[in-house]
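Student: Provided below: my_file_5.cif, containing mmCIF, C-alpha atoms.
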```cif
data_protein
#
loop_
_atom_site.label_atom_id
_atom_site.label_comp_id
_atom_site.auth_asym_id
_atom_site.auth_seq_id
_atom_site.Cartn_x
_atom_site.Cartn_y
_atom_site.Cartn_z
CA MET L 9 -72.52 56.04 61.35
CA LEU L 10 -72.65 54.61 57.83
CA PHE L 11 -71.64 57.92 56.27
CA GLN L 12 -68.58 58.13 58.54
CA ASP L 13 -67.64 54.55 57.64
CA VAL L 14 -67.71 55.35 53.92
CA ILE L 15 -65.56 58.47 54.47
CA PHE L 16 -63.15 56.47 56.63
CA TRP L 17 -62.62 53.77 54.01
CA ILE L 18 -62.21 56.26 51.14
CA LEU L 19 -59.61 58.23 53.15
CA SER L 20 -57.80 55.09 54.34
CA VAL L 21 -57.53 53.35 50.97
CA GLY L 22 -56.52 56.60 49.28
CA GLY L 23 -54.00 57.43 52.00
CA VAL L 24 -52.34 53.99 52.00
CA ALA L 25 -52.18 53.89 48.18
CA ALA L 26 -50.63 57.38 48.08
CA ALA L 27 -48.14 56.43 50.82
CA LEU L 28 -47.10 53.36 48.80
CA GLY L 29 -46.67 55.65 45.82
CA VAL L 30 -44.44 57.98 47.88
CA VAL L 31 -41.96 55.22 48.67
CA LEU L 32 -42.22 53.18 45.44
CA LEU L 33 -42.46 55.71 42.57
CA LYS L 34 -39.29 56.27 40.59
CA ASP L 35 -40.07 59.92 39.83
CA ILE L 36 -39.29 61.75 43.07
CA PHE L 37 -41.24 64.87 42.12
CA ARG L 38 -44.46 62.84 41.74
CA ALA L 39 -43.64 61.14 45.04
CA ALA L 40 -43.56 64.55 46.72
CA LEU L 41 -46.94 65.44 45.20
CA LEU L 42 -48.41 62.14 46.45
CA LEU L 43 -47.09 63.02 49.91
CA VAL L 44 -49.51 65.98 49.84
CA VAL L 45 -52.35 63.50 49.16
CA VAL L 46 -51.29 61.47 52.23
CA PHE L 47 -51.28 64.63 54.38
CA LEU L 48 -54.77 65.59 53.17
CA ALA L 49 -56.12 62.09 53.87
CA ILE L 50 -54.68 62.26 57.39
CA SER L 51 -56.27 65.66 57.96
CA GLY L 52 -59.57 64.07 56.93
CA HIS L 53 -59.00 61.45 59.62
CA PHE L 54 -58.50 64.25 62.16
CA PHE L 55 -61.89 65.72 61.22
CA LEU L 56 -63.46 62.25 61.68
CA LEU L 57 -61.83 62.01 65.12
CA ALA L 58 -63.40 65.30 66.33
CA ALA L 59 -60.07 67.17 66.13
CA GLU L 60 -61.01 69.97 63.77
CA PHE L 61 -58.28 72.34 64.97
CA LEU L 62 -55.61 69.69 64.32
CA GLY L 63 -57.12 69.01 60.90
CA VAL L 64 -56.75 72.64 59.91
CA VAL L 65 -53.23 72.80 61.38
CA GLN L 66 -52.34 69.66 59.42
CA ILE L 67 -53.46 71.29 56.15
CA LEU L 68 -51.64 74.56 56.96
CA ILE L 69 -48.34 73.11 58.17
CA TYR L 70 -47.98 69.78 56.37
CA ALA L 71 -49.86 70.21 53.09
CA GLY L 72 -48.86 73.88 52.92
CA ALA L 73 -45.44 74.49 54.40
CA ILE L 74 -43.60 71.18 54.69
CA SER L 75 -44.52 69.89 51.22
CA ILE L 76 -43.42 73.21 49.67
CA LEU L 77 -40.08 72.90 51.52
CA ILE L 78 -39.63 69.34 50.23
CA ILE L 79 -40.49 70.34 46.64
CA PHE L 80 -38.01 73.23 46.84
CA ALA L 81 -35.30 70.87 48.10
CA ILE L 82 -36.03 68.48 45.21
CA MET L 83 -35.76 71.32 42.69
CA LEU L 84 -32.54 72.67 44.26
CA THR L 85 -30.76 69.31 44.02
CA ARG L 86 -30.11 68.13 40.51
CA ASP L 87 -30.46 64.37 40.99
CA VAL L 88 -34.11 64.43 39.88
CA GLN L 89 -33.24 62.77 36.58
CA ARG L 90 -31.64 59.77 38.25
CA GLY L 91 -34.86 59.22 40.17
CA ASN L 92 -35.46 57.28 43.31
CA LEU L 93 -33.07 54.33 43.30
CA PRO L 94 -33.31 51.50 45.85
CA ASN L 95 -30.20 50.71 47.86
CA ARG L 96 -28.52 47.33 48.37
CA LEU L 97 -30.41 46.36 51.55
CA GLN L 98 -33.77 45.53 49.93
CA ILE L 99 -34.52 42.29 51.81
CA PRO L 100 -33.93 43.54 55.40
CA ALA L 101 -35.68 46.78 54.47
CA VAL L 102 -38.82 44.77 53.60
CA ILE L 103 -38.60 42.25 56.45
CA LEU L 104 -38.26 44.81 59.26
CA PRO L 105 -41.41 46.86 58.48
CA VAL L 106 -43.45 43.68 57.86
CA LEU L 107 -42.37 42.23 61.23
CA LEU L 108 -43.09 45.54 62.95
CA LEU L 109 -46.50 45.83 61.28
CA SER L 110 -47.57 42.33 62.28
CA ALA L 111 -46.41 42.90 65.87
CA LEU L 112 -48.29 46.23 66.02
CA ILE L 113 -51.51 44.76 64.62
CA PHE L 114 -51.29 41.82 67.07
CA VAL L 115 -50.89 44.25 70.00
CA ILE L 116 -53.70 46.54 68.77
CA VAL L 117 -56.15 43.64 68.44
CA GLU L 118 -55.17 41.86 71.66
CA THR L 119 -55.04 44.85 74.03
CA ASP L 120 -58.03 45.43 76.29
CA TRP L 121 -58.46 49.19 75.76
CA ASN L 122 -60.05 51.37 78.46
CA LEU L 123 -62.67 52.66 76.07
CA VAL L 124 -64.60 55.78 76.96
CA ALA L 125 -67.70 53.94 75.68
CA ALA L 126 -67.50 51.74 78.80
CA LEU L 127 -68.34 54.70 81.03
CA PRO L 128 -71.93 55.38 82.05
CA ASN L 129 -73.46 58.20 79.95
CA SER L 130 -70.41 58.13 77.65
CA GLU L 131 -72.26 59.86 74.77
CA ASN L 132 -72.80 62.84 77.03
CA ILE L 133 -69.14 62.96 78.13
CA VAL L 134 -67.82 62.73 74.57
CA ASP L 135 -70.19 65.44 73.35
CA GLN L 136 -69.15 67.70 76.20
CA ALA L 137 -65.41 67.05 75.83
CA PHE L 138 -65.21 67.54 72.06
CA GLU L 139 -67.34 70.62 71.60
CA ASN L 140 -65.38 73.81 70.98
CA THR L 141 -62.01 72.03 71.03
CA SER L 142 -59.98 75.02 69.81
CA PHE L 143 -60.91 76.99 72.92
CA LYS L 144 -60.11 74.07 75.23
CA LEU L 145 -56.79 73.34 73.49
CA ALA L 146 -55.76 76.99 73.86
CA LYS L 147 -56.61 76.87 77.56
CA LEU L 148 -54.64 73.63 78.03
CA LEU L 149 -51.62 75.00 76.15
CA MET L 150 -51.52 78.25 78.10
CA GLU L 151 -52.15 76.74 81.55
CA ASP L 152 -51.20 73.06 81.97
CA TYR L 153 -48.59 72.85 79.21
CA ALA L 154 -47.22 76.41 79.34
CA LEU L 155 -43.62 75.25 79.88
CA ALA L 156 -43.73 72.86 76.91
CA PHE L 157 -45.34 75.61 74.82
CA GLY L 158 -42.42 77.96 75.56
CA ALA L 159 -39.90 75.19 74.92
CA ALA L 160 -41.53 74.54 71.52
CA GLY L 161 -40.99 78.19 70.62
CA VAL L 162 -37.32 77.99 71.60
CA LEU L 163 -36.98 74.75 69.60
CA LEU L 164 -38.41 76.38 66.46
CA LEU L 165 -36.10 79.41 66.84
CA ALA L 166 -33.07 77.13 67.31
CA SER L 167 -33.98 75.06 64.24
CA ILE L 168 -34.44 78.19 62.09
CA ILE L 169 -31.02 79.55 63.17
CA GLY L 170 -29.43 76.12 62.62
CA ALA L 171 -30.91 75.75 59.14
CA LEU L 172 -29.79 79.29 58.18
CA SER L 173 -26.24 78.69 59.35
CA LEU L 174 -26.12 75.33 57.54
CA VAL L 175 -27.13 76.67 54.12
CA ARG L 176 -25.21 79.99 54.33
CA GLU L 177 -22.72 80.62 51.50
CA ARG L 178 -19.19 80.83 52.83
CA MET G 3 -63.69 48.39 66.42
CA ASP G 4 -63.76 52.16 65.96
CA LEU G 5 -60.46 52.67 67.76
CA GLU G 6 -58.75 49.63 66.28
CA ARG G 7 -59.30 50.58 62.66
CA PHE G 8 -57.66 54.00 63.15
CA LEU G 9 -54.73 52.37 64.94
CA VAL G 10 -54.31 49.75 62.19
CA PHE G 11 -54.34 52.52 59.57
CA SER G 12 -51.63 54.39 61.46
CA ALA G 13 -49.57 51.18 61.85
CA VAL G 14 -49.74 50.58 58.07
CA ILE G 15 -48.63 54.15 57.32
CA PHE G 16 -45.80 53.81 59.87
CA ALA G 17 -44.55 50.57 58.24
CA ILE G 18 -44.64 52.14 54.76
CA GLY G 19 -42.68 55.14 56.04
CA LEU G 20 -40.13 52.87 57.72
CA TYR G 21 -39.64 50.99 54.43
CA GLY G 22 -39.15 54.30 52.60
CA ALA G 23 -36.62 55.49 55.16
CA LEU G 24 -34.64 52.23 55.05
CA ALA G 25 -34.74 51.17 51.41
CA ARG G 26 -34.16 54.27 49.30
CA ARG G 27 -30.96 56.05 48.31
CA ASN G 28 -32.25 59.56 47.81
CA VAL G 29 -31.98 61.59 51.04
CA ILE G 30 -35.22 63.44 50.27
CA THR G 31 -37.15 60.16 50.05
CA VAL G 32 -35.68 59.18 53.41
CA LEU G 33 -37.00 62.46 54.84
CA MET G 34 -40.42 61.84 53.25
CA GLY G 35 -40.50 58.41 54.93
CA LEU G 36 -39.72 60.12 58.25
CA GLU G 37 -42.64 62.51 57.68
CA LEU G 38 -44.95 59.55 57.02
CA MET G 39 -43.88 58.00 60.34
CA PHE G 40 -44.49 61.29 62.21
CA ASN G 41 -47.99 61.50 60.70
CA ALA G 42 -48.79 57.90 61.65
CA VAL G 43 -47.88 58.60 65.27
CA THR G 44 -50.02 61.76 65.24
CA VAL G 45 -53.05 59.85 63.96
CA SER G 46 -52.70 57.24 66.69
CA ALA G 47 -52.36 59.94 69.38
CA VAL G 48 -55.54 61.67 68.20
CA ALA G 49 -57.43 58.36 67.95
CA MET G 50 -56.41 57.50 71.52
CA SER G 51 -57.55 60.93 72.63
CA ARG G 52 -60.97 60.34 71.07
CA TYR G 53 -61.68 56.80 72.30
CA VAL G 54 -59.54 55.92 75.36
CA VAL G 55 -59.60 57.13 78.96
CA SER G 56 -57.05 56.28 81.62
CA GLY G 57 -57.78 53.20 83.75
CA ARG G 58 -57.93 55.35 86.88
CA VAL G 59 -61.02 57.09 85.53
CA LEU G 60 -62.80 53.76 84.96
CA THR G 61 -62.08 52.37 88.43
CA ASP G 62 -62.71 55.54 90.44
CA SER G 63 -66.39 55.75 91.14
CA TYR G 64 -66.60 59.36 92.30
CA SER G 65 -67.02 62.12 89.69
CA THR G 66 -66.11 59.89 86.73
CA SER G 67 -67.31 62.32 84.13
CA GLU G 68 -65.25 65.20 85.56
CA ALA G 69 -62.04 63.14 85.46
CA ALA G 70 -62.81 61.87 81.95
CA LEU G 71 -63.41 65.41 80.73
CA GLN G 72 -60.05 66.51 82.09
CA THR G 73 -58.04 63.77 80.37
CA LEU G 74 -59.82 63.44 77.00
CA LEU G 75 -58.03 66.24 75.13
CA THR G 76 -54.47 65.33 76.22
CA GLY G 77 -53.79 63.35 73.04
CA GLN G 78 -54.60 66.35 70.85
CA VAL G 79 -52.13 68.52 72.79
CA PHE G 80 -49.45 65.89 72.28
CA ALA G 81 -50.29 65.71 68.56
CA LEU G 82 -49.75 69.48 68.35
CA PHE G 83 -46.31 69.13 69.93
CA ILE G 84 -45.46 66.29 67.51
CA ILE G 85 -46.34 68.62 64.61
CA VAL G 86 -44.07 71.36 66.05
CA VAL G 87 -41.16 68.92 66.40
CA ALA G 88 -41.75 67.61 62.85
CA ALA G 89 -41.65 71.15 61.46
CA ALA G 90 -38.34 71.85 63.23
CA GLU G 91 -36.95 68.50 62.04
CA ILE G 92 -37.85 69.01 58.38
CA ALA G 93 -36.37 72.55 58.32
CA LEU G 94 -33.07 71.33 59.76
CA GLY G 95 -33.09 68.12 57.69
CA LEU G 96 -33.53 69.94 54.39
CA GLY G 97 -30.81 72.42 55.43
CA ILE G 98 -28.48 69.47 55.94
CA VAL G 99 -29.55 68.03 52.54
CA ILE G 100 -28.68 71.32 50.80
CA ALA G 101 -25.30 71.54 52.58
CA PHE G 102 -24.58 67.89 51.74
CA TYR G 103 -25.50 68.42 48.08
CA ARG G 104 -23.30 71.50 47.90
CA SER G 105 -20.21 69.70 49.14
CA LEU G 106 -20.62 66.30 47.40
CA GLU G 107 -22.80 67.14 44.32
CA THR G 108 -25.13 64.19 45.07
CA VAL G 109 -28.10 63.31 47.28
CA ASP G 110 -27.22 59.60 47.57
CA VAL G 111 -27.18 58.62 51.26
CA SER G 112 -24.79 55.72 50.61
CA GLN G 113 -22.16 58.34 49.63
CA ALA G 114 -22.55 60.18 52.94
CA ASN G 115 -19.53 59.20 55.00
CA LEU G 116 -17.83 62.58 55.50
CA MET G 117 -19.08 65.65 57.32
CA ARG G 118 -16.78 68.00 55.42
CA ARG G 119 -14.99 68.14 52.10
#
```
Could you render the structure from this file as structure tokens?

Tutor:
Amino acid sequence: MLFQDVIFWILSVGGVAAALGVVLLKDIFRAALLLVVVFLAISGHFFLLAAEFLGVVQILIYAGAISILIIFAIMLTRDVQRGNLPNRLQIPAVILPVLLLSALIFVIVETDWNLVAALPNSENIVDQAFENTSFKLAKLLMEDYALAFGAAGVLLLASIIGALSLVRER
Amino acid sequence: MDLERFLVFSAVIFAIGLYGALARRNVITVLMGLELMFNAVTVSAVAMSRYVVSGRVLTDSYSTSEAALQTLLTGQVFALFIIVVAAAEIALGLGIVIAFYRSLETVDVSQANLMRR
């Protein structure tokens, strides 16, 4: 348990510091590179939470594809020199997230969660449920969530066509 | 405590992303803040999937372990769908950024009040 705690704190402190860098750094290119660090820290959290398939998908899609897209968009727009200016609404933009964060932490601490650890022989259940998750996820996607799976494919196709028609030269 | 610390981490990331989306002028930073918020929600969905079962499972006495086994992976499926939606959103969002930059020669969101030239 101690080893997992150490990994958790390293990933959390690193992830939060990198996320602060993403929104506070003036150089937007460095901010985009720090975003990759946040994505990698979050994929480490997925491995800690017994979601190894999601951890690999996170590295492939977020740290691989989405960050490359963002870096390309930064290089295609020429405002890099002007950097990452704040707008005029600084005070409400700080107050709203702080209020939201305190409300969320209050709710998280106060709620009486239905923990799986309360079940009899919970260790057994957790071991059984989270072994070979890729296989079980595939089965769930193709049987219980087949409609949503197809709809996700249509959504991706529509977004690709939309993006192509938006950036087409006229 | 195990569940709560993951949820607090995701709440902190969500708040930072919200600040980035609200307080910055560059459209690309706004999109990066949105991505941070998507990731925070994904982490909390996976943490719920690992540690929480539905209340029905706890109260029903018969075949508890079967029911728990059936519901425990639901959060991971939802996290996968969140990732799909985020990928579609970022592709479209960056397309809009490029079109916006082409017509106005800037990426400042406070200049964005027209949808055509």

Student: Apply the PyMOL selection byres ((chain G and resi 101-107) around 7) to the displayed file and report the matching residues as an NGL selection string.

Tutor: (:L and (85 or 174-175)) or (:G and (97-100 or 108-109 or 119))

Student: Here's the selection I'm unsure about, the PyMOL selection byres ((chain G and resi 38) around 8); applied to the file above, which residues does it give, as a list in words?

Tutor: Ala27 of chain L; Ile15, Phe16, Ile18, Gly19, Met34, Gly35, Leu36, Glu37, Met39, Phe40, Asn41 and Ala42 of chain G

Student: Compile the contact shell of G:Phe11 as a PyMOL selection string: residues with an atom at most 9 Å away, counting only C-alpha atoms, same-chain residues fewer than 3 positions apart removed.

Tutor: (chain L and resi 20+24) or (chain G and resi 6-8+14-16+42+45-46)

Student: Evaluating the PyMOL selection byres ((chain L) within 6 of (chain G)) on the displayed file yields which residues, as a PyMOL selection string?

Tutor: chain L and resi 31+92-95+98+101+105+109+122-124+137+164+167+171+174-175

Student: If you measure from atom CA of L:Val102 to atom CA of L:Ala25, what distance in Å do you get, rounded to one decimal?

Tutor: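 Between these atoms lies a distance of 17.1 Å.
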